[in-house]
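Engineer: Structure: coords_27.cif, mmCIF, C-alpha atoms.
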data_my_file
#
loop_
_atom_site.label_atom_id
_atom_site.label_comp_id
_atom_site.auth_asym_id
_atom_site.auth_seq_id
_atom_site.Cartn_x
_atom_site.Cartn_y
_atom_site.Cartn_z
CA MET X 1 -23.21 21.87 -25.87
CA GLY X 2 -20.91 24.90 -26.11
CA CYS X 3 -18.85 23.38 -28.96
CA GLY X 4 -18.14 25.35 -32.12
CA GLY X 5 -18.91 24.03 -35.58
CA THR X 6 -15.30 22.97 -36.03
CA LEU X 7 -15.58 20.65 -33.03
CA PHE X 8 -19.03 19.23 -33.69
CA TYR X 9 -18.24 16.85 -36.53
CA PRO X 10 -14.99 15.38 -35.07
CA LEU X 11 -16.82 14.81 -31.80
CA LEU X 12 -19.75 13.19 -33.62
CA ILE X 13 -17.38 10.89 -35.49
CA THR X 14 -15.55 9.94 -32.31
CA LEU X 15 -18.80 9.16 -30.50
CA SER X 16 -19.93 7.03 -33.43
CA VAL X 17 -16.68 5.07 -33.34
CA ALA X 18 -17.11 4.42 -29.64
CA LEU X 19 -20.68 3.20 -30.17
CA ILE X 20 -19.64 0.87 -32.98
CA THR X 21 -16.76 -0.67 -31.03
CA TYR X 22 -18.95 -1.04 -27.98
CA ASN X 23 -21.60 -2.88 -30.00
CA ILE X 24 -18.95 -5.24 -31.39
CA ILE X 25 -17.76 -6.08 -27.89
CA ILE X 26 -21.27 -6.65 -26.63
CA SER X 27 -22.17 -8.94 -29.53
CA SER X 28 -19.03 -10.97 -28.88
CA ASN X 29 -19.67 -11.19 -25.13
CA ALA X 30 -23.43 -11.49 -24.70
CA PRO X 31 -23.49 -12.27 -20.94
CA LEU X 32 -21.93 -8.87 -20.16
CA LYS X 33 -24.61 -6.58 -21.59
CA GLN X 34 -25.93 -5.08 -18.39
CA GLY X 35 -24.46 -1.88 -17.07
CA PHE X 36 -22.53 -0.75 -20.16
CA PRO X 37 -22.80 2.75 -21.56
CA SER X 38 -23.51 3.23 -25.26
CA SER X 39 -20.68 5.74 -25.59
CA PHE X 40 -18.37 7.84 -23.48
CA SER X 41 -20.39 11.05 -23.86
CA SER X 42 -21.29 12.98 -20.73
CA SER X 43 -24.99 12.28 -21.27
CA ASP X 44 -24.63 8.49 -21.42
CA ALA X 45 -21.40 7.12 -20.00
CA VAL X 46 -20.90 9.58 -17.19
CA ILE X 47 -22.96 9.73 -14.03
CA GLU X 48 -22.55 13.26 -12.70
CA LEU X 49 -20.34 13.35 -9.63
CA PRO X 50 -19.01 16.48 -7.92
CA ARG X 51 -15.47 17.48 -8.85
CA GLY X 52 -13.33 16.80 -5.82
CA GLY X 53 -15.18 13.74 -4.63
CA SER X 54 -16.90 10.51 -5.55
CA ARG X 55 -19.55 8.45 -3.87
CA ILE X 56 -17.00 6.58 -1.81
CA ARG X 57 -17.33 9.31 0.82
CA GLY X 58 -20.02 7.40 2.71
CA ASN X 59 -17.66 4.49 3.28
CA GLU X 60 -14.87 6.53 4.85
CA ARG X 61 -15.87 5.51 8.38
CA LYS X 62 -15.59 1.81 7.62
CA GLN X 63 -12.41 -0.22 7.69
CA ARG X 64 -10.57 1.04 4.63
CA LEU X 65 -9.43 -2.19 3.03
CA PHE X 66 -8.39 -2.20 -0.62
CA HIS X 67 -8.21 -5.09 -3.07
CA THR X 68 -5.12 -5.29 -5.27
CA ALA X 69 -5.80 -6.16 -8.91
CA VAL X 70 -3.25 -6.83 -11.65
CA THR X 71 -4.12 -7.41 -15.30
CA ALA X 72 -1.96 -9.82 -17.29
CA SER X 73 -1.82 -12.19 -20.22
CA ASP X 74 -0.64 -15.79 -19.94
CA SER X 75 2.66 -15.00 -21.67
CA VAL X 76 5.88 -16.19 -20.04
CA TYR X 77 6.88 -12.53 -19.75
CA ASN X 78 3.78 -11.47 -17.81
CA THR X 79 3.58 -14.67 -15.79
CA TRP X 80 7.01 -14.59 -14.14
CA GLN X 81 6.47 -10.94 -13.23
CA CYS X 82 3.08 -11.74 -11.68
CA ARG X 83 4.60 -14.57 -9.63
CA VAL X 84 7.31 -12.27 -8.26
CA MET X 85 4.76 -9.51 -7.65
CA TYR X 86 2.37 -11.78 -5.72
CA TYR X 87 5.23 -13.23 -3.65
CA TRP X 88 6.08 -9.73 -2.38
CA PHE X 89 2.43 -8.75 -1.98
CA LYS X 90 1.99 -11.63 0.46
CA LYS X 91 5.15 -10.74 2.38
CA ALA X 92 4.18 -7.07 2.66
CA LYS X 93 0.67 -7.90 3.83
CA ALA X 94 1.95 -10.40 6.41
CA SER X 95 4.53 -7.98 7.76
CA ALA X 96 1.87 -5.30 8.31
CA GLY X 97 0.00 -7.42 10.82
CA PRO X 98 -3.71 -7.40 11.63
CA GLY X 99 -4.09 -3.65 11.11
CA SER X 100 -3.12 -3.83 7.46
CA GLU X 101 -5.38 -2.13 4.94
CA MET X 102 -4.16 -4.52 2.25
CA GLY X 103 -7.05 -6.84 1.49
CA GLY X 104 -7.29 -9.51 -1.18
CA PHE X 105 -5.43 -9.92 -4.46
CA THR X 106 -6.57 -10.84 -7.96
CA ARG X 107 -4.66 -11.44 -11.15
CA ILE X 108 -7.10 -10.57 -13.95
CA LEU X 109 -6.00 -12.93 -16.71
CA HIS X 110 -7.31 -11.50 -19.98
CA ASN X 111 -6.49 -14.30 -22.41
CA GLY X 112 -9.82 -16.09 -21.85
CA LYS X 113 -8.62 -19.36 -20.36
CA PRO X 114 -7.05 -20.64 -17.12
CA ASP X 115 -3.34 -21.35 -16.84
CA LYS X 116 -1.27 -23.57 -14.55
CA TYR X 117 -0.78 -20.84 -11.91
CA MET X 118 -4.43 -20.57 -10.88
CA ASP X 119 -3.68 -22.34 -7.58
CA GLU X 120 -0.62 -20.19 -6.84
CA ILE X 121 -2.13 -16.78 -7.65
CA PRO X 122 -5.80 -15.86 -7.04
CA THR X 123 -7.04 -15.36 -10.59
CA PHE X 124 -10.10 -14.16 -12.48
CA VAL X 125 -10.24 -15.23 -16.14
CA ALA X 126 -11.49 -12.42 -18.40
CA GLN X 127 -12.19 -12.60 -22.11
CA PRO X 128 -9.91 -10.68 -24.47
CA LEU X 129 -11.22 -8.13 -26.92
CA PRO X 130 -12.53 -9.56 -30.19
CA SER X 131 -9.74 -10.48 -32.58
CA GLY X 132 -8.06 -7.50 -34.20
CA MET X 133 -9.78 -4.87 -32.07
CA ASP X 134 -6.64 -4.06 -30.07
CA GLN X 135 -4.81 -3.26 -33.35
CA GLY X 136 -1.65 -4.76 -31.90
CA TYR X 137 -1.88 -2.57 -28.79
CA VAL X 138 -2.49 -5.35 -26.29
CA VAL X 139 -2.90 -2.90 -23.39
CA LEU X 140 -6.42 -2.16 -24.68
CA ASN X 141 -7.44 -5.45 -23.06
CA ARG X 142 -6.81 -3.92 -19.62
CA PRO X 143 -9.92 -1.70 -19.29
CA TRP X 144 -12.13 -4.37 -20.87
CA ALA X 145 -10.77 -6.93 -18.39
CA PHE X 146 -11.49 -4.59 -15.47
CA VAL X 147 -15.07 -4.08 -16.66
CA GLN X 148 -15.64 -7.85 -16.64
CA TRP X 149 -14.02 -8.36 -13.24
CA LEU X 150 -15.98 -5.54 -11.61
CA GLN X 151 -19.27 -6.80 -13.04
CA GLN X 152 -18.83 -10.50 -12.31
CA THR X 153 -16.98 -10.57 -8.99
CA ASP X 154 -18.16 -9.92 -5.44
CA ILE X 155 -15.30 -7.72 -4.22
CA LYS X 156 -15.45 -7.47 -0.43
CA GLU X 157 -13.21 -4.43 -0.04
CA ASP X 158 -14.48 -0.86 -0.60
CA TYR X 159 -11.39 0.21 -2.55
CA VAL X 160 -9.25 -1.17 -5.38
CA LEU X 161 -5.52 -0.75 -5.98
CA MET X 162 -4.81 -1.14 -9.68
CA SER X 163 -1.27 -2.42 -10.03
CA GLU X 164 0.88 -4.07 -12.71
CA PRO X 165 2.99 -7.22 -13.07
CA ASP X 166 6.27 -5.26 -13.01
CA HIS X 167 5.54 -3.77 -9.59
CA ILE X 168 7.37 -5.06 -6.53
CA ILE X 169 5.86 -4.02 -3.22
CA VAL X 170 8.66 -2.92 -0.94
CA LYS X 171 6.65 -2.35 2.23
CA PRO X 172 3.00 -2.49 3.34
CA ILE X 173 0.85 -0.01 1.45
CA PRO X 174 -1.73 1.99 3.42
CA ASN X 175 -4.94 3.19 1.85
CA LEU X 176 -3.70 6.50 0.45
CA ALA X 177 -7.15 7.45 -0.86
CA LYS X 178 -9.14 9.68 1.46
CA ASP X 179 -11.94 12.25 1.72
CA GLY X 180 -13.53 11.08 -1.51
CA PHE X 181 -10.33 11.37 -3.56
CA GLY X 182 -8.45 8.59 -5.26
CA ALA X 183 -4.68 8.25 -4.85
CA ALA X 184 -2.33 8.01 -7.81
CA PHE X 185 1.26 8.34 -8.93
CA PRO X 186 1.95 11.40 -11.14
CA PHE X 187 3.78 10.64 -14.41
CA PHE X 188 5.89 13.43 -15.86
CA TYR X 189 5.03 12.36 -19.41
CA ILE X 190 1.25 12.62 -18.97
CA GLU X 191 0.69 16.25 -20.00
CA PRO X 192 -3.00 17.13 -20.47
CA LYS X 193 -2.30 20.84 -21.05
CA LYS X 194 0.16 20.06 -23.85
CA TYR X 195 -2.44 17.93 -25.67
CA GLU X 196 -5.52 20.02 -24.91
CA LYS X 197 -6.61 20.19 -28.56
CA VAL X 198 -6.76 16.39 -28.84
CA LEU X 199 -8.22 15.83 -25.38
CA ARG X 200 -11.10 18.25 -25.99
CA LYS X 201 -12.61 15.59 -28.27
CA TYR X 202 -13.05 13.42 -25.18
CA TYR X 203 -13.23 16.03 -22.41
CA PRO X 204 -15.29 18.91 -23.87
CA GLU X 205 -14.95 22.46 -22.62
CA GLU X 206 -18.24 22.40 -20.72
CA ARG X 207 -16.72 19.80 -18.41
CA GLY X 208 -14.23 22.35 -17.14
CA PRO X 209 -10.54 23.18 -17.58
CA VAL X 210 -8.31 20.52 -19.08
CA THR X 211 -6.27 20.65 -15.86
CA ASN X 212 -9.11 18.67 -14.28
CA ILE X 213 -7.45 15.72 -16.02
CA ASP X 214 -4.81 14.46 -13.59
CA PRO X 215 -1.32 13.50 -14.90
CA ILE X 216 -1.85 9.82 -14.11
CA GLY X 217 -2.43 6.43 -15.64
CA ASN X 218 -4.60 3.70 -14.22
CA SER X 219 -1.72 2.30 -12.19
CA PRO X 220 -0.79 2.64 -9.46
CA VAL X 221 -4.15 4.05 -8.41
CA ILE X 222 -6.23 3.43 -5.30
CA VAL X 223 -9.86 4.33 -5.93
CA GLY X 224 -13.25 3.58 -4.43
CA LYS X 225 -14.76 0.39 -5.82
CA GLU X 226 -18.11 2.01 -6.65
CA ALA X 227 -16.37 4.90 -8.39
CA LEU X 228 -14.25 2.45 -10.43
CA LYS X 229 -17.37 0.57 -11.52
CA LYS X 230 -18.52 3.80 -13.14
CA ILE X 231 -15.13 4.80 -14.53
CA ALA X 232 -14.19 1.43 -16.08
CA PRO X 233 -16.75 1.27 -18.95
CA THR X 234 -15.94 4.88 -19.87
CA TRP X 235 -12.22 4.06 -19.74
CA MET X 236 -12.85 1.15 -22.10
CA ASN X 237 -14.81 3.24 -24.60
CA VAL X 238 -12.41 6.19 -24.52
CA SER X 239 -9.42 3.85 -25.01
CA LEU X 240 -10.99 2.20 -28.05
CA ALA X 241 -12.08 5.51 -29.54
CA MET X 242 -8.65 7.08 -29.03
CA LYS X 243 -6.97 4.12 -30.72
CA LYS X 244 -9.24 4.55 -33.74
CA ASP X 245 -8.55 8.30 -33.83
CA PRO X 246 -5.32 8.84 -35.85
CA GLU X 247 -4.66 12.18 -34.15
CA ALA X 248 -4.99 10.76 -30.62
CA ASP X 249 -3.11 7.59 -31.51
CA LYS X 250 -0.18 9.60 -32.86
CA ALA X 251 -0.17 12.02 -29.93
CA PHE X 252 -0.35 9.46 -27.12
CA GLY X 253 1.35 6.37 -28.57
CA TRP X 254 2.16 3.69 -26.00
CA VAL X 255 0.61 5.72 -23.15
CA LEU X 256 -2.77 6.13 -24.89
CA GLU X 257 -4.60 3.90 -22.43
CA MET X 258 -3.13 5.91 -19.54
CA TYR X 259 -4.54 9.12 -20.99
CA ALA X 260 -7.87 7.36 -21.47
CA TYR X 261 -8.04 6.47 -17.78
CA ALA X 262 -7.09 9.98 -16.70
CA VAL X 263 -9.82 11.44 -18.93
CA SER X 264 -12.40 8.94 -17.70
CA SER X 265 -11.62 9.62 -14.05
CA ALA X 266 -12.08 13.36 -14.70
CA LEU X 267 -15.33 12.78 -16.61
CA HIS X 268 -16.71 11.06 -13.53
CA GLY X 269 -15.57 13.86 -11.22
CA VAL X 270 -13.06 11.66 -9.40
CA SER X 271 -9.96 13.65 -8.51
CA ASN X 272 -6.77 12.05 -7.27
CA ILE X 273 -4.27 12.91 -4.57
CA LEU X 274 -0.93 12.75 -6.35
CA HIS X 275 1.63 10.71 -4.38
CA LYS X 276 5.18 10.94 -5.67
CA ASP X 277 6.18 8.51 -2.93
CA PHE X 278 3.84 5.83 -4.27
CA MET X 279 6.66 4.23 -6.29
CA ILE X 280 10.14 4.58 -7.72
CA GLN X 281 11.42 3.72 -11.20
CA PRO X 282 15.05 2.57 -11.29
CA PRO X 283 17.59 3.45 -12.51
CA TRP X 284 16.41 7.08 -12.49
CA ASP X 285 15.25 6.96 -8.88
CA LYS X 286 18.34 6.01 -6.95
CA GLU X 287 16.99 5.36 -3.43
CA VAL X 288 14.02 3.35 -2.23
CA GLY X 289 13.52 5.59 0.79
CA ASP X 290 9.94 5.58 2.03
CA LYS X 291 8.42 4.50 -1.28
CA TYR X 292 5.99 1.59 -1.50
CA ILE X 293 6.57 0.11 -4.96
CA ILE X 294 9.52 -0.51 -7.26
CA HIS X 295 8.39 -0.25 -10.89
CA TYR X 296 11.06 -1.87 -13.05
CA THR X 297 9.84 -0.70 -16.44
CA TYR X 298 13.20 0.75 -17.50
CA GLY X 299 16.32 -1.23 -18.30
CA CYS X 300 19.21 -0.91 -15.86
CA ASP X 301 22.54 -0.85 -17.72
CA PHE X 302 25.86 -0.12 -15.98
CA ASP X 303 29.55 -0.56 -16.61
CA MET X 304 31.65 -2.41 -14.04
CA LYS X 305 32.52 0.89 -12.36
CA GLY X 306 28.87 1.43 -11.54
CA HIS X 307 28.22 4.13 -14.15
CA LEU X 308 24.88 4.19 -15.96
CA THR X 309 25.14 3.43 -19.68
CA TYR X 310 21.48 4.00 -20.56
CA GLY X 311 20.83 3.57 -24.27
CA LYS X 312 23.74 1.17 -24.50
CA VAL X 313 23.82 -2.40 -23.24
CA GLY X 314 25.90 -2.38 -20.10
CA GLU X 315 28.55 -4.79 -18.90
CA TRP X 316 26.06 -5.47 -16.13
CA ARG X 317 22.36 -5.20 -16.83
CA PHE X 318 18.90 -6.06 -15.59
CA ASP X 319 16.11 -5.46 -18.07
CA LYS X 320 12.78 -7.28 -17.84
CA ARG X 321 12.73 -7.42 -21.67
CA SER X 322 15.68 -9.79 -21.57
CA TYR X 323 13.24 -12.40 -20.22
CA ILE X 324 10.36 -12.34 -22.69
CA LYS X 325 10.57 -16.01 -23.68
CA SER X 326 11.92 -17.45 -20.45
CA PRO X 327 11.96 -16.22 -16.84
CA PRO X 328 15.13 -14.82 -15.29
CA PRO X 329 17.39 -17.47 -13.77
CA LYS X 330 17.72 -17.89 -10.05
CA ASN X 331 20.50 -16.01 -8.31
CA LEU X 332 21.00 -13.16 -10.75
CA THR X 333 24.45 -11.59 -10.52
CA MET X 334 24.38 -8.61 -8.20
CA PRO X 335 25.33 -5.23 -9.68
CA PRO X 336 28.86 -3.87 -9.26
CA PRO X 337 29.81 -1.35 -6.56
CA GLY X 338 28.51 2.15 -7.20
CA VAL X 339 25.16 1.10 -8.70
CA PRO X 340 22.23 2.90 -7.00
CA GLN X 341 20.62 1.28 -3.97
CA SER X 342 17.28 1.09 -5.78
CA VAL X 343 18.73 -1.24 -8.42
CA VAL X 344 20.52 -3.36 -5.82
CA THR X 345 17.26 -3.72 -3.86
CA LEU X 346 15.37 -4.68 -7.02
CA VAL X 347 17.76 -7.49 -7.89
CA LYS X 348 17.85 -8.77 -4.30
CA MET X 349 14.06 -8.91 -4.23
CA VAL X 350 13.82 -10.72 -7.56
CA ASN X 351 16.43 -13.22 -6.36
CA GLU X 352 14.59 -13.87 -3.10
CA ALA X 353 11.32 -14.50 -4.92
CA THR X 354 12.83 -16.86 -7.50
CA ALA X 355 14.66 -18.79 -4.78
CA ASN X 356 11.42 -19.43 -2.91
CA LEU X 357 8.80 -19.87 -5.62
CA PRO X 358 8.12 -23.51 -6.59
CA ASP X 359 9.22 -24.90 -9.95
CA TRP X 360 10.87 -21.67 -11.03
CA GLY X 361 11.85 -21.80 -14.66
CA SER X 362 10.07 -25.06 -15.38
#
Taking this structure as input, can you express it in the form of structure tokens?
Structural biologist:
Amino acid sequence: MGCGGTLFYPLLITLSVALITYNIIISSNAPLKQGFPSSFSSSDAVIELPRGGSRIRGNERKQRLFHTAVTASDSVYNTWQCRVMYYWFKKAKASAGPGSEMGGFTRILHNGKPDKYMDEIPTFVAQPLPSGMDQGYVVLNRPWAFVQWLQQTDIKEDYVLMSEPDHIIVKPIPNLAKDGFGAAFPFFYIEPKKYEKVLRKYYPEERGPVTNIDPIGNSPVIVGKEALKKIAPTWMNVSLAMKKDPEADKAFGWVLEMYAYAVSSALHGVSNILHKDFMIQPPWDKEVGDKYIIHYTYGCDFDMKGHLTYGKVGEWRFDKRSYIKSPPPKNLTMPPPGVPQSVVTLVKMVNEATANLPDWGS
């Protein structure tokens, strides 16, 4: 295997943890046994694919439609974001006309039961992880939900765009994946080289340099459907194993599941074209420009002169976390003069959606 004695036992322990957690999931969800790996090791979970390409290459001559998928819980917080997101998905797709590469849309609801928005948003109901397995890190339900959706659903499109509830689509998105590569947004805080020691437990040296791991999460990513079917179970197992590994959990924290996807994509030989213009993140990105998505993960706090007061609640603010228990009201107050255009656009788009969606706030 090319691993020294100091690496053998930690790797063996990690693989054992993955196998145990996998068996717990399977026993709790009997209908989903087929197609799962027993661990994330290269001999079991990974089907060898050439670095620099996946088996989507044969589909490149077909119409390159992609299906947009968003994982969410049924919380008020996730639900209002999904409603706004789907509103703008529909508008972007309609504005692109018949040549659009934007295909269908699915909200993957991972709380195990339908909610009252099933008729408004196309939805697949996935089962959550067994109680306690997420250890309070609810994001671990995301890869498990994708595994279920990919196994149980007949997805017509050849590609999948993995998106999130707090994404607003600004303009029609083309299929940015090409020539066997996925397409992804690079995150400055995903640093495989910095954490090489930890990552070698999951991406051993015989797989190649740690720089094969792209600085991405699972979203936004456009990837071939068949490639994702192979990546998703590995992503699930690596995520669970990392969470049970104190060293990995401490190193990666709230972005652990993002690292797990990046590792899993590399294990399957699926490289990604890094698109900085895939999305912006206000208030740091000040202009929308030619970007496709606004990701409003950060709070936007400003004084009335339009100066950013990040780290301190501003006289004017928009922060999605202000609306955990109830959705934002209609007609949010617009930001004061001097606030970046990206923030102004974000608030305008939220206001348009809430003004047009039925029974908002009820």
Engineer: Taking only residues of region 73-120 of chain X that have an atom at most 12 Å from an atom of region 330-348 of chain X, what is each one's shortest atom pair and its distance in Å to one decimal, using all atoms listed in the file, in chain and number order, as CSV?
Structural biologist:
residue,atom,partner,partner_atom,distance
X:Trp80,CA,X:Lys330,CA,11.9
X:Val84,CA,X:Leu346,CA,11.1
X:Met85,CA,X:Leu346,CA,11.7
X:Trp88,CA,X:Leu346,CA,11.5
Engineer: With all atoms listed in the file as the atoms that count, which of X:Lys225, X:Lys250, X:Arg317, X:His167 lies nearest to Val270 (chain X)?
Structural biologist: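 For Val270 (chain X), the nearest of the given residues is X:Lys225.
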Engineer: Could you give me, as a PDB file with C-alpha atoms, in the coordinates of the input, the residues within 12 Å of region 282-293 of chain X, counting all atoms listed in the file and dropping anything in the same chain fewer than 4 positions from it?
Structural biologist:
ATOM      1  CA  MET X  85       4.760  -9.510  -7.650  1.00  0.00           C
ATOM      2  CA  TRP X  88       6.080  -9.730  -2.380  1.00  0.00           C
ATOM      3  CA  PHE X  89       2.430  -8.750  -1.980  1.00  0.00           C
ATOM      4  CA  ALA X  92       4.180  -7.070   2.660  1.00  0.00           C
ATOM      5  CA  SER X 163      -1.270  -2.420 -10.030  1.00  0.00           C
ATOM      6  CA  GLU X 164       0.880  -4.070 -12.710  1.00  0.00           C
ATOM      7  CA  PRO X 165       2.990  -7.220 -13.070  1.00  0.00           C
ATOM      8  CA  ASP X 166       6.270  -5.260 -13.010  1.00  0.00           C
ATOM      9  CA  HIS X 167       5.540  -3.770  -9.590  1.00  0.00           C
ATOM     10  CA  ILE X 168       7.370  -5.060  -6.530  1.00  0.00           C
ATOM     11  CA  ILE X 169       5.860  -4.020  -3.220  1.00  0.00           C
ATOM     12  CA  VAL X 170       8.660  -2.920  -0.940  1.00  0.00           C
ATOM     13  CA  LYS X 171       6.650  -2.350   2.230  1.00  0.00           C
ATOM     14  CA  PRO X 172       3.000  -2.490   3.340  1.00  0.00           C
ATOM     15  CA  ILE X 173       0.850  -0.010   1.450  1.00  0.00           C
ATOM     16  CA  PRO X 174      -1.730   1.990   3.420  1.00  0.00           C
ATOM     17  CA  ASN X 175      -4.940   3.190   1.850  1.00  0.00           C
ATOM     18  CA  LEU X 176      -3.700   6.500   0.450  1.00  0.00           C
ATOM     19  CA  PHE X 185       1.260   8.340  -8.930  1.00  0.00           C
ATOM     20  CA  SER X 219      -1.720   2.300 -12.190  1.00  0.00           C
ATOM     21  CA  PRO X 220      -0.790   2.640  -9.460  1.00  0.00           C
ATOM     22  CA  VAL X 221      -4.150   4.050  -8.410  1.00  0.00           C
ATOM     23  CA  HIS X 275       1.630  10.710  -4.380  1.00  0.00           C
ATOM     24  CA  LYS X 276       5.180  10.940  -5.670  1.00  0.00           C
ATOM     25  CA  ASP X 277       6.180   8.510  -2.930  1.00  0.00           C
ATOM     26  CA  PHE X 278       3.840   5.830  -4.270  1.00  0.00           C
ATOM     27  CA  THR X 297       9.840  -0.700 -16.440  1.00  0.00           C
ATOM     28  CA  TYR X 298      13.200   0.750 -17.500  1.00  0.00           C
ATOM     29  CA  GLY X 299      16.320  -1.230 -18.300  1.00  0.00           C
ATOM     30  CA  CYS X 300      19.210  -0.910 -15.860  1.00  0.00           C
ATOM     31  CA  ASP X 301      22.540  -0.850 -17.720  1.00  0.00           C
ATOM     32  CA  PHE X 302      25.860  -0.120 -15.980  1.00  0.00           C
ATOM     33  CA  GLY X 306      28.870   1.430 -11.540  1.00  0.00           C
ATOM     34  CA  HIS X 307      28.220   4.130 -14.150  1.00  0.00           C
ATOM     35  CA  LEU X 308      24.880   4.190 -15.960  1.00  0.00           C
ATOM     36  CA  THR X 309      25.140   3.430 -19.680  1.00  0.00           C
ATOM     37  CA  TYR X 310      21.480   4.000 -20.560  1.00  0.00           C
ATOM     38  CA  ARG X 317      22.360  -5.200 -16.830  1.00  0.00           C
ATOM     39  CA  PHE X 318      18.900  -6.060 -15.590  1.00  0.00           C
ATOM     40  CA  ASP X 319      16.110  -5.460 -18.070  1.00  0.00           C
ATOM     41  CA  PRO X 335      25.330  -5.230  -9.680  1.00  0.00           C
ATOM     42  CA  GLY X 338      28.510   2.150  -7.200  1.00  0.00           C
ATOM     43  CA  VAL X 339      25.160   1.100  -8.700  1.00  0.00           C
ATOM     44  CA  PRO X 340      22.230   2.900  -7.000  1.00  0.00           C
ATOM     45  CA  GLN X 341      20.620   1.280  -3.970  1.00  0.00           C
ATOM     46  CA  SER X 342      17.280   1.090  -5.780  1.00  0.00           C
ATOM     47  CA  VAL X 343      18.730  -1.240  -8.420  1.00  0.00           C
ATOM     48  CA  VAL X 344      20.520  -3.360  -5.820  1.00  0.00           C
ATOM     49  CA  THR X 345      17.260  -3.720  -3.860  1.00  0.00           C
ATOM     50  CA  LEU X 346      15.370  -4.680  -7.020  1.00  0.00           C
ATOM     51  CA  VAL X 347      17.760  -7.490  -7.890  1.00  0.00           C
ATOM     52  CA  MET X 349      14.060  -8.910  -4.230  1.00  0.00           C
TER      53      MET X 349
END
Engineer: So that each row is one residue of region 212-328 of chain X with an atom at most 10 Å from region 112-134 of chain X, can you give its shortest atom pair and the distance in Å to one decimal, using all atoms listed in the file, rows by chain and rising number, as a tab-separated table?
Structural biologist:
residue	atom	partner	partner_atom	distance
X:Ser239	CA	X:Asp134	CA	9.8
X:Leu240	CA	X:Asp134	CA	7.9
X:Lys243	CA	X:Asp134	CA	8.2
X:Lys244	CA	X:Met133	CA	9.6
Engineer: So that all listed atoms of region 184-194 of chain X fit with 8 Å spare on each side, what axis-aligned box centre and edge lengths in Å, to one decimal, would you give as AutoDock Vina command-line options?
Structural biologist:
--center_x 1.4 --center_y 14.4 --center_z -15.8 --size_x 24.9 --size_y 28.8 --size_z 32.0
Engineer: In Å, rounded to a single decimal, give me how far CA of Leu256 (chain X) is from CA of Thr153 (chain X).
Structural biologist: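 Result for CA of Thr153 (chain X) versus CA of Leu256 (chain X): 27.1 Å, one decimal.
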Engineer: One decimal, Å: what's the distance from CA of Ile216 (chain X) over to CA of Lys312 (chain X), could you say?
Structural biologist: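 Interatomic distance, CA of Ile216 (chain X) to CA of Lys312 (chain X): 28.9 Å.
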Engineer: Which residues, written as an NGL selection string, have at least one atom at most 12 Å from Asp249 (chain X), with only C-alpha atoms counted and residues fewer than 5 positions away on the same chain left out?
Structural biologist: :X and (135 or 137 or 195 or 198-199 or 238-244 or 254-257 or 259-260)
Engineer: Would you write out those residues with C-alpha atoms, as a PDB file, in the coordinates of the input?
Structural biologist:
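Result saved to selection_25.pdb:
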ATOM      1  CA  GLN X 135      -4.810  -3.260 -33.350  1.00  0.00           C
ATOM      2  CA  TYR X 137      -1.880  -2.570 -28.790  1.00  0.00           C
ATOM      3  CA  TYR X 195      -2.440  17.930 -25.670  1.00  0.00           C
ATOM      4  CA  VAL X 198      -6.760  16.390 -28.840  1.00  0.00           C
ATOM      5  CA  LEU X 199      -8.220  15.830 -25.380  1.00  0.00           C
ATOM      6  CA  VAL X 238     -12.410   6.190 -24.520  1.00  0.00           C
ATOM      7  CA  SER X 239      -9.420   3.850 -25.010  1.00  0.00           C
ATOM      8  CA  LEU X 240     -10.990   2.200 -28.050  1.00  0.00           C
ATOM      9  CA  ALA X 241     -12.080   5.510 -29.540  1.00  0.00           C
ATOM     10  CA  MET X 242      -8.650   7.080 -29.030  1.00  0.00           C
ATOM     11  CA  LYS X 243      -6.970   4.120 -30.720  1.00  0.00           C
ATOM     12  CA  LYS X 244      -9.240   4.550 -33.740  1.00  0.00           C
ATOM     13  CA  TRP X 254       2.160   3.690 -26.000  1.00  0.00           C
ATOM     14  CA  VAL X 255       0.610   5.720 -23.150  1.00  0.00           C
ATOM     15  CA  LEU X 256      -2.770   6.130 -24.890  1.00  0.00           C
ATOM     16  CA  GLU X 257      -4.600   3.900 -22.430  1.00  0.00           C
ATOM     17  CA  TYR X 259      -4.540   9.120 -20.990  1.00  0.00           C
ATOM     18  CA  ALA X 260      -7.870   7.360 -21.470  1.00  0.00           C
TER      19      ALA X 260
END
Engineer: Select, from X:Tyr86, X:Trp360, X:Trp316, X:Phe105, the residue with the minimum atom-to-atom distance to Ala69 (chain X), counting only C-alpha atoms.
Structural biologist: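 Smallest separation from Ala69 (chain X) among the options: X:Phe105.
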Engineer: Identify which of the residues X:Leu140, X:Ala96, X:Leu161, X:Ile213 lies closest to Pro192 (chain X), counting all atoms listed in the file when measuring atom-to-atom distances.
Structural biologist: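 Smallest distance to Pro192 (chain X) is found for X:Ile213.
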Engineer: Determine the residue membership of the PyMOL selection byres ((chain X and resi 142) around 9) for the file above and supply it as a PyMOL selection string.
Structural biologist: chain X and resi 71-72+108+110+128+138-141+143-147+236+257
Engineer: Near Pro327 (chain X), within 8 Å and counting only C-alpha atoms, which residues show up once chain neighbours fewer than 2 positions away are dropped, as a compact mmCIF listing (two decimals) with C-alpha atoms, in the coordinates of the input?
Structural biologist:
# COMPACT_ATOMS: atom_id res chain seq x y z
CA VAL X 76 5.88 -16.19 -20.04
CA TYR X 77 6.88 -12.53 -19.75
CA TRP X 80 7.01 -14.59 -14.14
CA TYR X 323 13.24 -12.40 -20.22
CA ILE X 324 10.36 -12.34 -22.69
CA LYS X 325 10.57 -16.01 -23.68
CA PRO X 329 17.39 -17.47 -13.77
CA GLY X 361 11.85 -21.80 -14.66
Engineer: Distance CA of Asn237 (chain X)-CA of Asn218 (chain X), one decimal place?
Structural biologist: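 Computing it gives 14.6 Å between the two atoms.
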